[in-house]
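Engineer: The following file, input_15.json, comprises JSON, C-alpha atoms:
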[["chain", "number", "residue", "atom", "x", "y", "z"],
["H", 1, "MET", "CA", -49.95, 233.93, 49.47],
["H", 2, "PRO", "CA", -47.71, 231.76, 47.60],
["H", 3, "PRO", "CA", -49.26, 230.24, 44.57],
["H", 4, "GLU", "CA", -50.62, 226.77, 45.04],
["H", 5, "GLU", "CA", -48.62, 223.95, 43.54],
["H", 6, "SER", "CA", -50.34, 221.65, 41.22],
["H", 7, "GLN", "CA", -50.89, 218.26, 42.73],
["H", 8, "SER", "CA", -50.04, 216.50, 39.49],
["H", 9, "ARG", "CA", -46.26, 216.49, 38.91],
["H", 10, "ALA", "CA", -44.67, 215.36, 35.70],
["H", 11, "LEU", "CA", -42.84, 212.09, 36.25],
["H", 12, "PRO", "CA", -39.19, 212.04, 35.26],
["H", 13, "VAL", "CA", -38.43, 210.42, 31.96],
["H", 14, "ILE", "CA", -36.64, 207.09, 32.52],
["H", 15, "PRO", "CA", -34.59, 206.00, 29.55],
["H", 16, "SER", "CA", -35.70, 202.67, 28.18],
["H", 17, "VAL", "CA", -33.13, 199.96, 28.47],
["H", 18, "GLN", "CA", -33.31, 197.14, 25.92],
["H", 19, "PHE", "CA", -32.01, 193.84, 27.12],
["H", 20, "SER", "CA", -30.75, 191.42, 24.56],
["H", 21, "SER", "CA", -32.49, 188.09, 24.37],
["H", 22, "THR", "CA", -29.34, 186.37, 25.55],
["H", 23, "VAL", "CA", -29.12, 188.35, 28.72],
["H", 24, "ALA", "CA", -32.85, 188.39, 29.29],
["H", 25, "SER", "CA", -33.23, 184.69, 28.98],
["H", 26, "GLY", "CA", -30.23, 184.07, 31.14],
["H", 27, "THR", "CA", -28.75, 181.58, 28.70],
["H", 28, "GLY", "CA", -25.39, 183.31, 28.36],
["H", 29, "PRO", "CA", -23.82, 181.95, 31.49],
["H", 30, "ARG", "CA", -25.20, 178.45, 30.82],
["H", 31, "LEU", "CA", -23.62, 178.32, 27.33],
["H", 32, "ASP", "CA", -20.24, 179.34, 28.70],
["H", 33, "GLY", "CA", -20.47, 176.62, 31.27],
["H", 34, "ALA", "CA", -21.37, 173.99, 28.65],
["H", 35, "ALA", "CA", -18.47, 175.07, 26.49],
["H", 36, "ARG", "CA", -16.16, 174.72, 29.45],
["H", 37, "ARG", "CA", -17.55, 171.26, 30.21],
["H", 38, "MET", "CA", -16.93, 170.04, 26.56],
["H", 39, "LYS", "CA", -13.22, 170.89, 26.68],
["H", 40, "PHE", "CA", -11.74, 167.51, 27.67],
["H", 41, "PRO", "CA", -8.28, 167.46, 29.09],
["H", 42, "GLY", "CA", -5.71, 165.86, 26.71],
["H", 43, "LYS", "CA", -4.88, 163.10, 29.16],
["H", 44, "LYS", "CA", -8.50, 161.85, 29.14],
["H", 45, "LEU", "CA", -8.87, 162.06, 25.35],
["H", 46, "LEU", "CA", -5.69, 160.08, 24.50],
["H", 47, "PRO", "CA", -6.84, 156.64, 25.82],
["H", 48, "LEU", "CA", -10.10, 157.00, 23.90],
["H", 49, "LEU", "CA", -8.21, 157.76, 20.68],
["H", 50, "VAL", "CA", -5.89, 154.78, 21.20],
["H", 51, "PHE", "CA", -8.89, 152.50, 21.77],
["H", 52, "ILE", "CA", -10.57, 153.62, 18.52],
["H", 53, "LEU", "CA", -7.38, 153.13, 16.46],
["H", 54, "SER", "CA", -6.84, 149.67, 18.00],
["H", 55, "CYS", "CA", -10.37, 148.61, 17.04],
["H", 56, "LEU", "CA", -9.84, 149.80, 13.47],
["H", 57, "SER", "CA", -6.54, 147.87, 13.22],
["H", 58, "ILE", "CA", -8.14, 144.66, 14.49],
["H", 59, "LEU", "CA", -10.99, 144.96, 12.00],
["H", 60, "ARG", "CA", -8.54, 145.48, 9.14],
["H", 61, "LEU", "CA", -6.48, 142.41, 10.16],
["H", 62, "LEU", "CA", -9.64, 140.30, 10.26],
["H", 63, "LYS", "CA", -10.59, 141.49, 6.78],
["H", 64, "ILE", "CA", -7.13, 140.60, 5.40],
["H", 65, "ALA", "CA", -7.25, 137.15, 7.01],
["H", 66, "ILE", "CA", -10.68, 136.39, 5.57],
["H", 67, "THR", "CA", -9.64, 137.59, 2.09],
["H", 68, "THR", "CA", -6.44, 135.51, 2.14],
["H", 69, "THR", "CA", -8.29, 132.36, 3.21],
["H", 70, "THR", "CA", -10.87, 132.81, 0.47],
["H", 71, "THR", "CA", -8.22, 133.38, -2.22],
["H", 72, "THR", "CA", -6.20, 130.32, -1.18],
["H", 73, "SER", "CA", -9.24, 128.06, -1.18],
["H", 74, "HIS", "CA", -10.11, 129.13, -4.73],
["H", 75, "SER", "CA", -6.54, 128.95, -6.10],
["H", 76, "SER", "CA", -6.03, 125.29, -5.24],
["H", 77, "PRO", "CA", -9.34, 123.43, -5.79],
["H", 78, "ARG", "CA", -7.63, 120.04, -6.02],
["H", 79, "ALA", "CA", -5.54, 120.40, -2.86],
["H", 80, "ALA", "CA", -7.66, 117.98, -0.83],
["H", 81, "ALA", "CA", -7.15, 115.27, -3.44],
["H", 82, "LEU", "CA", -3.36, 115.40, -3.43],
["H", 83, "SER", "CA", -1.45, 112.48, -1.95],
["H", 84, "SER", "CA", 1.55, 112.90, 0.30],
["H", 85, "SER", "CA", 3.45, 110.30, -1.73],
["H", 86, "ILE", "CA", 6.80, 111.59, -3.00],
["H", 87, "GLN", "CA", 6.66, 109.62, -6.26],
["H", 88, "GLN", "CA", 5.18, 111.20, -9.38],
["H", 89, "GLU", "CA", 3.00, 108.53, -10.92],
["H", 90, "CYS", "CA", -0.03, 108.05, -13.09],
["H", 91, "SER", "CA", -2.03, 104.86, -13.14],
["H", 92, "SER", "CA", -2.29, 102.85, -16.35],
["H", 93, "SER", "CA", -5.90, 103.88, -16.80],
["H", 94, "GLU", "CA", -5.02, 107.58, -16.46],
["H", 95, "CYS", "CA", -2.13, 107.39, -18.92],
["H", 96, "SER", "CA", -4.40, 106.25, -21.71],
["H", 97, "GLU", "CA", -4.49, 108.41, -24.81],
["H", 98, "VAL", "CA", -7.35, 110.86, -25.04],
["H", 99, "GLN", "CA", -8.98, 110.75, -28.49],
["H", 100, "SER", "CA", -10.68, 113.66, -30.21],
["H", 101, "ASN", "CA", -14.18, 112.70, -29.08],
["H", 102, "ALA", "CA", -12.91, 112.00, -25.52],
["H", 103, "PRO", "CA", -15.95, 110.09, -24.18],
["H", 104, "GLY", "CA", -16.53, 110.25, -20.47],
["H", 105, "VAL", "CA", -14.04, 113.05, -19.83],
["H", 106, "GLU", "CA", -14.72, 114.97, -16.64],
["H", 107, "SER", "CA", -16.45, 118.25, -17.10],
["H", 108, "GLY", "CA", -17.75, 120.93, -14.82],
["H", 109, "PRO", "CA", -16.65, 124.21, -13.32],
["H", 110, "ARG", "CA", -12.92, 124.20, -12.73],
["H", 111, "LYS", "CA", -10.71, 127.05, -11.57],
["H", 112, "THR", "CA", -7.44, 125.89, -13.08],
["H", 113, "VAL", "CA", -8.06, 127.29, -16.56],
["H", 114, "ALA", "CA", -8.90, 130.71, -15.16],
["H", 115, "ASN", "CA", -5.98, 130.69, -12.77],
["H", 116, "SER", "CA", -3.32, 129.47, -15.18],
["H", 117, "ALA", "CA", -1.30, 132.20, -16.86],
["H", 118, "PHE", "CA", -1.68, 132.34, -20.63],
["H", 119, "LEU", "CA", 1.20, 133.23, -22.88],
["H", 120, "ILE", "CA", 1.59, 136.91, -23.60],
["H", 121, "PRO", "CA", 2.06, 137.76, -27.32],
["H", 122, "LYS", "CA", 5.86, 138.04, -27.25],
["H", 123, "GLU", "CA", 6.13, 134.67, -25.47],
["H", 124, "PHE", "CA", 3.96, 132.94, -28.06],
["H", 125, "VAL", "CA", 5.97, 134.50, -30.90],
["H", 126, "PHE", "CA", 9.19, 133.37, -29.22],
["H", 127, "LEU", "CA", 7.99, 129.77, -28.94],
["H", 128, "SER", "CA", 6.46, 129.76, -32.43],
["H", 129, "ASN", "CA", 9.71, 130.96, -33.99],
["H", 130, "LEU", "CA", 11.64, 128.24, -32.18],
["H", 131, "ILE", "CA", 9.35, 125.51, -33.53],
["H", 132, "THR", "CA", 9.25, 127.03, -37.02],
["H", 133, "ASN", "CA", 13.04, 126.98, -37.32],
["H", 134, "ILE", "CA", 13.31, 123.22, -36.72],
["H", 135, "ALA", "CA", 9.92, 121.89, -37.90],
["H", 136, "PRO", "CA", 9.00, 119.17, -38.55],
["H", 137, "CYS", "CA", 10.28, 117.91, -35.22],
["H", 138, "ASN", "CA", 9.40, 115.91, -32.12],
["H", 139, "LEU", "CA", 7.72, 118.29, -29.67],
["H", 140, "LEU", "CA", 6.81, 117.32, -26.10],
["H", 141, "VAL", "CA", 4.76, 119.71, -23.95],
["H", 142, "PHE", "CA", 4.06, 119.34, -20.23],
["H", 143, "GLY", "CA", 0.80, 121.27, -19.97],
["H", 144, "LEU", "CA", -2.03, 122.12, -22.35],
["H", 145, "GLN", "CA", -3.52, 125.43, -23.39],
["H", 146, "THR", "CA", -5.43, 126.55, -26.46],
["H", 147, "GLN", "CA", -2.40, 128.57, -27.60],
["H", 148, "TYR", "CA", -0.23, 125.45, -27.56],
["H", 149, "LEU", "CA", -2.48, 123.66, -30.04],
["H", 150, "ASN", "CA", -1.30, 126.19, -32.61],
["H", 151, "LEU", "CA", 2.19, 124.76, -32.18],
["H", 152, "SER", "CA", 1.00, 121.42, -33.54],
["H", 153, "SER", "CA", -0.13, 123.21, -36.72],
["H", 154, "ILE", "CA", 3.28, 124.87, -37.01],
["H", 155, "ASN", "CA", 4.87, 121.44, -36.49],
["H", 156, "ALA", "CA", 2.97, 119.90, -39.38],
["H", 157, "GLY", "CA", 4.60, 116.63, -40.42],
["H", 158, "GLY", "CA", 6.18, 116.21, -36.99],
["H", 159, "ILE", "CA", 5.00, 114.64, -33.73],
["H", 160, "THR", "CA", 3.45, 116.76, -30.98],
["H", 161, "VAL", "CA", 2.59, 115.21, -27.60],
["H", 162, "PHE", "CA", 0.81, 116.99, -24.75],
["H", 163, "LEU", "CA", 0.80, 115.73, -21.14],
["H", 164, "GLU", "CA", -1.96, 117.25, -19.01],
["H", 165, "ASP", "CA", -3.39, 116.40, -15.57],
["H", 166, "ASP", "CA", -6.57, 118.48, -15.76],
["H", 167, "PRO", "CA", -9.50, 116.66, -17.46],
["H", 168, "TYR", "CA", -11.31, 119.94, -17.92],
["H", 169, "LYS", "CA", -8.48, 121.42, -19.97],
["H", 170, "ILE", "CA", -8.34, 118.25, -22.05],
["H", 171, "SER", "CA", -12.06, 118.48, -22.78],
["H", 172, "LEU", "CA", -11.63, 122.08, -23.96],
["H", 173, "ASN", "CA", -8.51, 121.45, -26.08],
["H", 174, "LYS", "CA", -8.97, 118.38, -28.22],
["H", 175, "ALA", "CA", -6.33, 117.23, -30.65],
["H", 176, "ASP", "CA", -7.54, 117.07, -34.25],
["H", 177, "SER", "CA", -4.40, 115.97, -36.06],
["H", 178, "ASN", "CA", -2.85, 112.56, -36.64],
["H", 179, "GLY", "CA", 0.51, 113.91, -35.52],
["H", 180, "THR", "CA", -0.84, 115.33, -32.25],
["H", 181, "ARG", "CA", -1.59, 113.29, -29.16],
["H", 182, "VAL", "CA", -2.93, 114.33, -25.77],
["H", 183, "TYR", "CA", -2.36, 112.13, -22.72],
["H", 184, "LYS", "CA", -3.89, 112.48, -19.28],
["H", 185, "VAL", "CA", -1.30, 112.09, -16.53],
["H", 186, "LYS", "CA", -1.31, 112.50, -12.77],
["H", 187, "TYR", "CA", 1.02, 114.53, -10.56],
["H", 188, "GLN", "CA", 0.85, 113.87, -6.82],
["H", 189, "VAL", "CA", 3.64, 115.90, -5.22],
["H", 190, "PRO", "CA", 2.64, 119.39, -3.99],
["H", 191, "ALA", "CA", 4.85, 122.38, -4.62],
["H", 192, "LYS", "CA", 5.56, 122.83, -0.91],
["H", 193, "LYS", "CA", 7.87, 119.76, -1.00],
["H", 194, "ALA", "CA", 10.22, 121.34, -3.54],
["H", 195, "TYR", "CA", 13.11, 121.97, -1.16],
["H", 196, "LYS", "CA", 13.06, 118.42, 0.28],
["H", 197, "LEU", "CA", 13.14, 116.97, -3.24],
["H", 198, "LEU", "CA", 15.99, 119.24, -4.26],
["H", 199, "LYS", "CA", 17.96, 118.12, -1.23],
["H", 200, "HIS", "CA", 17.19, 114.48, -2.04],
["H", 201, "ALA", "CA", 18.48, 114.89, -5.61],
["H", 202, "ARG", "CA", 21.74, 116.47, -4.43],
["H", 203, "GLU", "CA", 22.43, 113.78, -1.86],
["H", 204, "ASN", "CA", 21.54, 110.70, -3.95],
["H", 205, "PRO", "CA", 23.67, 109.44, -6.88],
["H", 206, "VAL", "CA", 20.58, 107.75, -8.34],
["H", 207, "CYS", "CA", 19.39, 111.19, -9.46],
["H", 208, "ALA", "CA", 22.55, 111.92, -11.48],
["H", 209, "PRO", "CA", 22.17, 112.32, -15.27],
["H", 210, "SER", "CA", 24.19, 109.16, -15.86],
["H", 211, "THR", "CA", 21.45, 107.08, -14.26],
["H", 212, "SER", "CA", 19.68, 104.32, -16.19],
["H", 213, "LEU", "CA", 16.32, 104.64, -17.91],
["H", 214, "LEU", "CA", 13.81, 106.92, -16.25],
["H", 215, "GLN", "CA", 11.32, 104.08, -15.86],
["H", 216, "GLN", "CA", 13.85, 102.18, -13.77],
["H", 217, "SER", "CA", 15.14, 105.14, -11.78],
["H", 218, "SER", "CA", 14.71, 105.19, -8.02],
["H", 219, "CYS", "CA", 15.14, 108.98, -7.90],
["H", 220, "LYS", "CA", 12.08, 110.54, -6.29],
["H", 221, "LEU", "CA", 11.99, 113.23, -8.97],
["H", 222, "ALA", "CA", 11.74, 110.82, -11.91],
["H", 223, "LEU", "CA", 8.39, 110.47, -13.67],
["H", 224, "ARG", "CA", 8.32, 106.71, -14.29],
["H", 225, "ASN", "CA", 4.77, 106.01, -15.47],
["H", 226, "LEU", "CA", 4.39, 108.33, -18.44],
["H", 227, "PRO", "CA", 3.18, 106.95, -21.78],
["H", 228, "GLN", "CA", 5.77, 104.71, -23.46],
["H", 229, "GLU", "CA", 6.03, 107.09, -26.40],
["H", 230, "VAL", "CA", 7.59, 109.72, -24.12],
["H", 231, "TYR", "CA", 10.54, 107.44, -23.27],
["H", 232, "GLN", "CA", 10.98, 105.95, -26.74],
["H", 233, "LEU", "CA", 11.23, 109.11, -28.86],
["H", 234, "LYS", "CA", 14.16, 111.52, -29.07],
["H", 235, "TRP", "CA", 12.74, 114.98, -28.47],
["H", 236, "ASP", "CA", 13.86, 118.11, -30.31],
["H", 237, "VAL", "CA", 11.89, 120.49, -28.08],
["H", 238, "VAL", "CA", 10.46, 119.97, -24.58],
["H", 239, "VAL", "CA", 8.20, 122.67, -23.13],
["H", 240, "VAL", "CA", 7.58, 122.68, -19.37],
["H", 241, "ASP", "CA", 4.38, 124.57, -18.51],
["H", 242, "GLY", "CA", 2.71, 122.05, -16.24],
["H", 243, "PRO", "CA", 1.42, 121.10, -13.80],
["H", 244, "ILE", "CA", -0.11, 124.35, -12.62],
["H", 245, "GLY", "CA", 2.09, 124.82, -9.53],
["H", 246, "ASP", "CA", 0.37, 128.06, -8.47],
["H", 247, "ALA", "CA", -0.05, 127.26, -4.75],
["H", 248, "PRO", "CA", 1.81, 125.30, -2.05],
["H", 249, "GLU", "CA", -0.74, 122.48, -2.10],
["H", 250, "ALA", "CA", -1.02, 122.35, -5.90],
["H", 251, "PRO", "CA", 1.18, 119.94, -7.89],
["H", 252, "GLY", "CA", 4.57, 121.51, -8.55],
["H", 253, "ARG", "CA", 6.91, 121.35, -11.57],
["H", 254, "MET", "CA", 9.87, 119.81, -9.76],
["H", 255, "SER", "CA", 9.55, 116.41, -11.44],
["H", 256, "THR", "CA", 8.64, 117.72, -14.89],
["H", 257, "ILE", "CA", 11.78, 119.90, -15.02],
["H", 258, "TYR", "CA", 13.97, 117.04, -13.79],
["H", 259, "THR", "CA", 12.40, 114.55, -16.23],
["H", 260, "ALA", "CA", 12.77, 117.02, -19.10],
["H", 261, "SER", "CA", 16.48, 117.36, -18.31],
["H", 262, "ILE", "CA", 16.98, 113.58, -18.40],
["H", 263, "LEU", "CA", 15.01, 113.20, -21.65],
["H", 264, "ALA", "CA", 17.04, 116.03, -23.22],
["H", 265, "ARG", "CA", 20.34, 114.34, -22.35],
["H", 266, "SER", "CA", 19.26, 111.10, -24.00],
["H", 267, "GLY", "CA", 18.93, 112.76, -27.42],
["H", 268, "LYS", "CA", 21.32, 114.61, -29.72],
["H", 269, "THR", "CA", 20.42, 118.26, -29.08],
["H", 270, "THR", "CA", 17.23, 119.29, -27.30],
["H", 271, "ASN", "CA", 15.77, 122.69, -26.49],
["H", 272, "VAL", "CA", 14.09, 122.67, -23.07],
["H", 273, "VAL", "CA", 11.83, 125.70, -22.63],
["H", 274, "VAL", "CA", 10.58, 126.42, -19.11],
["H", 275, "HIS", "CA", 7.69, 128.80, -18.49],
["H", 276, "ASP", "CA", 7.00, 130.91, -15.37],
["H", 277, "VAL", "CA", 10.68, 131.27, -14.43],
["H", 278, "HIS", "CA", 9.76, 134.28, -12.31],
["H", 279, "ARG", "CA", 8.52, 131.74, -9.73],
["H", 280, "MET", "CA", 10.93, 130.27, -7.22],
["H", 281, "ILE", "CA", 10.52, 126.55, -8.00],
["H", 282, "GLU", "CA", 10.88, 126.98, -11.76],
["H", 283, "LYS", "CA", 13.97, 129.12, -11.23],
["H", 284, "TRP", "CA", 15.64, 126.81, -8.68],
["H", 285, "PHE", "CA", 15.10, 123.58, -10.60],
["H", 286, "SER", "CA", 16.05, 125.09, -13.95],
["H", 287, "TRP", "CA", 19.41, 126.26, -12.56],
["H", 288, "GLU", "CA", 19.94, 122.90, -10.86],
["H", 289, "PHE", "CA", 19.12, 120.47, -13.68],
["H", 290, "LEU", "CA", 19.23, 122.49, -16.92],
["H", 291, "CYS", "CA", 22.21, 124.67, -15.94],
["H", 292, "GLU", "CA", 23.10, 128.28, -16.56],
["H", 293, "GLU", "CA", 25.76, 127.43, -19.16],
["H", 294, "ASN", "CA", 23.03, 125.87, -21.34],
["H", 295, "LEU", "CA", 20.78, 128.95, -21.31],
["H", 296, "VAL", "CA", 20.75, 130.29, -24.88],
["H", 297, "SER", "CA", 17.77, 132.68, -24.95],
["H", 298, "ALA", "CA", 14.92, 134.12, -22.92],
["H", 299, "LYS", "CA", 11.73, 136.03, -23.53],
["H", 300, "GLY", "CA", 9.15, 137.17, -20.99],
["H", 301, "ARG", "CA", 8.71, 134.29, -18.54],
["H", 302, "PHE", "CA", 10.43, 131.77, -20.84],
["H", 303, "TRP", "CA", 13.95, 130.39, -20.50],
["H", 304, "ASN", "CA", 15.33, 128.29, -23.34],
["H", 305, "PHE", "CA", 18.10, 125.78, -22.50],
["H", 306, "ARG", "CA", 19.90, 123.92, -25.30],
["H", 307, "ILE", "CA", 21.24, 120.59, -24.06],
["H", 308, "SER", "CA", 23.39, 118.16, -26.01],
["H", 309, "ASN", "CA", 23.82, 114.44, -25.37],
["H", 310, "GLN", "CA", 25.48, 114.20, -21.97],
["H", 311, "SER", "CA", 24.18, 110.83, -20.80],
["H", 312, "ASN", "CA", 27.62, 109.80, -19.53],
["H", 313, "ASP", "CA", 28.09, 112.83, -17.30],
["H", 314, "THR", "CA", 27.95, 112.38, -13.55],
["H", 315, "ARG", "CA", 26.91, 115.99, -12.95],
["H", 316, "PHE", "CA", 24.17, 118.09, -14.49],
["H", 317, "CYS", "CA", 26.18, 121.32, -14.60],
["H", 318, "SER", "CA", 29.88, 121.80, -15.31],
["H", 319, "SER", "CA", 29.99, 124.92, -13.13],
["H", 320, "GLU", "CA", 29.36, 124.85, -9.41],
["H", 321, "THR", "CA", 25.67, 125.22, -8.63],
["H", 322, "VAL", "CA", 24.68, 128.01, -6.28],
["H", 323, "ARG", "CA", 23.67, 126.41, -3.01],
["H", 324, "ILE", "CA", 20.13, 127.06, -1.85],
["H", 325, "GLU", "CA", 20.00, 126.72, 1.91]]
Take the structure in this file and express it as structure tokens.

Structural biologist:
Amino acid sequence: MPPEESQSRALPVIPSVQFSSTVASGTGPRLDGAARRMKFPGKKLLPLLVFILSCLSILRLLKIAITTTTTTSHSSPRAAALSSSIQQECSSSECSEVQSNAPGVESGPRKTVANSAFLIPKEFVFLSNLITNIAPCNLLVFGLQTQYLNLSSINAGGITVFLEDDPYKISLNKADSNGTRVYKVKYQVPAKKAYKLLKHARENPVCAPSTSLLQQSSCKLALRNLPQEVYQLKWDVVVVDGPIGDAPEAPGRMSTIYTASILARSGKTTNVVVHDVHRMIEKWFSWEFLCEENLVSAKGRFWNFRISNQSNDTRFCSSETVRIE
């Protein structure tokens, strides 16, 4: 008989298969699908990019507009007080001489001193040397800064007169010499009217240098209510560094340059020194009324014009003036 088979057979060995966690969990296919869903077509992404860039541009323009408005409001604190009158005048009470103690002078926080440009060292040396070479002399200065008070010390034995429209500057810079006087004046014409005044001067014979006394002139550029001392003395040096003229609404230097040119032509020989000639108004009016042929020296932002007695001339400049249209 055939031998009996054992009822218990050995089971075949099945190799163990290890499934990775990715396959086992079934997440592989889902990740591939998510990756495919995150790939946006270029045509859909472009409008979104344009929208983001447009928003950023608008925000930047708003920031620039706000910054510009803030800067302008701080640079011309007296703009609201300016009159639209074309005549440069100061009332009799405001042309009174300011003494050393200066009782009742306005004080308080003012922006003009901080905004006004001080002389750089080479400019101060240039002006000091000019005064030293002819001192003692008659020195007239439109504007007032601490540095300019040193000029009165250099001009010892001479006469130094300052004309200033800012009470705060006057309170900070008090004259302490018998030969130095500080007068408070008022300028009413804003710098933005410069071109209209230049056109008026070119078209009206009353503005010619052969005109009568400044106090009787009907030229809109003439300063007619300055202290009497300004009209009576013959000036050796006239410095134009005022009014501030640093914004369209701030008082400009149109009338001070014109008046300086008339005062210079009423004397023998006068040096007219204009500061801030890098600015358009100072440059235009200097060329127009002080003339290129009279320019003898320059340093930094200073131009020095030497003008002889030409009270009988009918024109300011012998050469043709460049037209400014």

Engineer: Between H:Pro190, H:Gly158, H:Gly242, H:Pro205, which residue has the minimum interatomic distance to Cys137 (chain H), considering only C-alpha atoms?

Structural biologist: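 Distance minimum relative to Cys137 (chain H) lands on H:Gly158.
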
Engineer: Rank H:Leu198, H:Cys291, H:Leu144, H:Leu139 by their smallest atom-to-atom distance to Cys317 (chain H), using all atoms listed in the file, and report the top residue only.

Structural biologist: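 Of all the options, H:Cys291 lies closest to Cys317 (chain H).
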
Engineer: Have a look at CA of Ala247 (chain H) and CA of Asp276 (chain H) and let me know their distance in Å, one decimal.

Structural biologist: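 That distance, rounded to one decimal, is 13.3 Å.
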
Engineer: For Val237 (chain H), work out the shell of residues within 10 Å, counting all atoms listed in the file and skipping chain neighbours fewer than 5 positions away, then give it as a list of chain:residue names.

Structural biologist: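 The neighbour list is H:Leu130, H:Ile131, H:Ile134, H:Cys137, H:Asn138, H:Leu139, H:Leu140, H:Val141, H:Thr160, H:Ala260, H:Ala264, H:Thr269, H:Thr270, H:Asn271, H:Val272, H:Val273, H:Asn304, H:Phe305, H:Arg306.
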
Engineer: Would you please work out which residue, of H:Val189, H:Cys219, H:Ala298, H:Leu213, is nearest to Arg253 (chain H) when using all atoms listed in the file?

Structural biologist: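 So, comparing all the options, the nearest one is H:Val189.
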
Engineer: Can you work out the spacing between CA of Tyr187 (chain H) and CA of Gly252 (chain H) in Å, to one decimal?

Structural biologist: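 Those two atoms sit 8.1 Å apart.
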
Engineer: Using all atoms listed in the file, can you tell me which of H:Lys63, H:His278, H:Arg181, H:Arg265 comes closest to Arg315 (chain H)?

Structural biologist: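 Once distances to Arg315 (chain H) are computed over all atoms listed in the file, the minimum belongs to H:Arg265.
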
Engineer: In terms of the shortest atom-to-atom distance over only C-alpha atoms, which of H:Ala222, H:Val230, H:Ile120, H:Ala194 is closest to Thr259 (chain H)?

Structural biologist: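 Among the listed residues, the smallest separation from Thr259 (chain H) belongs to H:Ala222.
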
Engineer: Could you tell me how far CA of Val277 (chain H) lies from CA of Glu293 (chain H), in Å and to one decimal?

Structural biologist: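 These atoms are spaced 16.3 Å apart.
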
Engineer: Residues near Glu292 (chain H), anyone? I mean within 10 Å using all atoms listed in the file, not counting same-chain ones fewer than 2 positions away, as JSON, numbers by chain.

Structural biologist: {"H": [286, 287, 288, 289, 290, 294, 295, 296, 305, 317, 318, 319, 321]}

Engineer: N, CA, C and O atoms are needed for region 283-294 of chain H; please write them out as a PDB file, in the coordinates of the input.

Structural biologist:
ATOM      1  N   LYS H 283      12.628 128.553 -11.162  1.00  0.00           N
ATOM      2  CA  LYS H 283      13.970 129.120 -11.230  1.00  0.00           C
ATOM      3  C   LYS H 283      14.994 128.193 -10.592  1.00  0.00           C
ATOM      4  O   LYS H 283      16.032 127.890 -11.182  1.00  0.00           O
ATOM      5  N   TRP H 284      14.720 127.702  -9.382  1.00  0.00           N
ATOM      6  CA  TRP H 284      15.640 126.810  -8.680  1.00  0.00           C
ATOM      7  C   TRP H 284      15.970 125.576  -9.505  1.00  0.00           C
ATOM      8  O   TRP H 284      17.124 125.224  -9.722  1.00  0.00           O
ATOM      9  N   PHE H 285      14.905 124.882  -9.950  1.00  0.00           N
ATOM     10  CA  PHE H 285      15.100 123.580 -10.600  1.00  0.00           C
ATOM     11  C   PHE H 285      15.673 123.733 -12.004  1.00  0.00           C
ATOM     12  O   PHE H 285      16.346 122.824 -12.501  1.00  0.00           O
ATOM     13  N   SER H 286      15.421 124.850 -12.650  1.00  0.00           N
ATOM     14  CA  SER H 286      16.050 125.090 -13.950  1.00  0.00           C
ATOM     15  C   SER H 286      17.556 125.268 -13.782  1.00  0.00           C
ATOM     16  O   SER H 286      18.353 124.698 -14.536  1.00  0.00           O
ATOM     17  N   TRP H 287      17.971 126.084 -12.800  1.00  0.00           N
ATOM     18  CA  TRP H 287      19.410 126.260 -12.560  1.00  0.00           C
ATOM     19  C   TRP H 287      20.063 124.948 -12.173  1.00  0.00           C
ATOM     20  O   TRP H 287      21.192 124.655 -12.565  1.00  0.00           O
ATOM     21  N   GLU H 288      19.356 124.131 -11.404  1.00  0.00           N
ATOM     22  CA  GLU H 288      19.940 122.900 -10.860  1.00  0.00           C
ATOM     23  C   GLU H 288      20.125 121.820 -11.921  1.00  0.00           C
ATOM     24  O   GLU H 288      21.168 121.159 -11.974  1.00  0.00           O
ATOM     25  N   PHE H 289      19.117 121.620 -12.778  1.00  0.00           N
ATOM     26  CA  PHE H 289      19.120 120.470 -13.680  1.00  0.00           C
ATOM     27  C   PHE H 289      19.303 120.826 -15.161  1.00  0.00           C
ATOM     28  O   PHE H 289      19.646 119.962 -15.966  1.00  0.00           O
ATOM     29  N   LEU H 290      19.052 122.082 -15.521  1.00  0.00           N
ATOM     30  CA  LEU H 290      19.230 122.490 -16.920  1.00  0.00           C
ATOM     31  C   LEU H 290      20.482 123.346 -17.092  1.00  0.00           C
ATOM     32  O   LEU H 290      21.028 123.397 -18.199  1.00  0.00           O
ATOM     33  N   CYS H 291      20.903 124.014 -16.048  1.00  0.00           N
ATOM     34  CA  CYS H 291      22.210 124.670 -15.940  1.00  0.00           C
ATOM     35  C   CYS H 291      22.295 125.999 -16.684  1.00  0.00           C
ATOM     36  O   CYS H 291      21.824 126.134 -17.821  1.00  0.00           O
ATOM     37  N   GLU H 292      22.960 126.936 -16.019  1.00  0.00           N
ATOM     38  CA  GLU H 292      23.100 128.280 -16.560  1.00  0.00           C
ATOM     39  C   GLU H 292      23.914 128.295 -17.844  1.00  0.00           C
ATOM     40  O   GLU H 292      23.637 129.071 -18.760  1.00  0.00           O
ATOM     41  N   GLU H 293      24.930 127.410 -17.944  1.00  0.00           N
ATOM     42  CA  GLU H 293      25.760 127.430 -19.160  1.00  0.00           C
ATOM     43  C   GLU H 293      25.010 126.965 -20.406  1.00  0.00           C
ATOM     44  O   GLU H 293      25.451 127.199 -21.528  1.00  0.00           O
ATOM     45  N   ASN H 294      23.832 126.333 -20.206  1.00  0.00           N
ATOM     46  CA  ASN H 294      23.030 125.870 -21.340  1.00  0.00           C
ATOM     47  C   ASN H 294      21.936 126.864 -21.740  1.00  0.00           C
ATOM     48  O   ASN H 294      21.214 126.627 -22.713  1.00  0.00           O
TER      49      ASN H 294
END
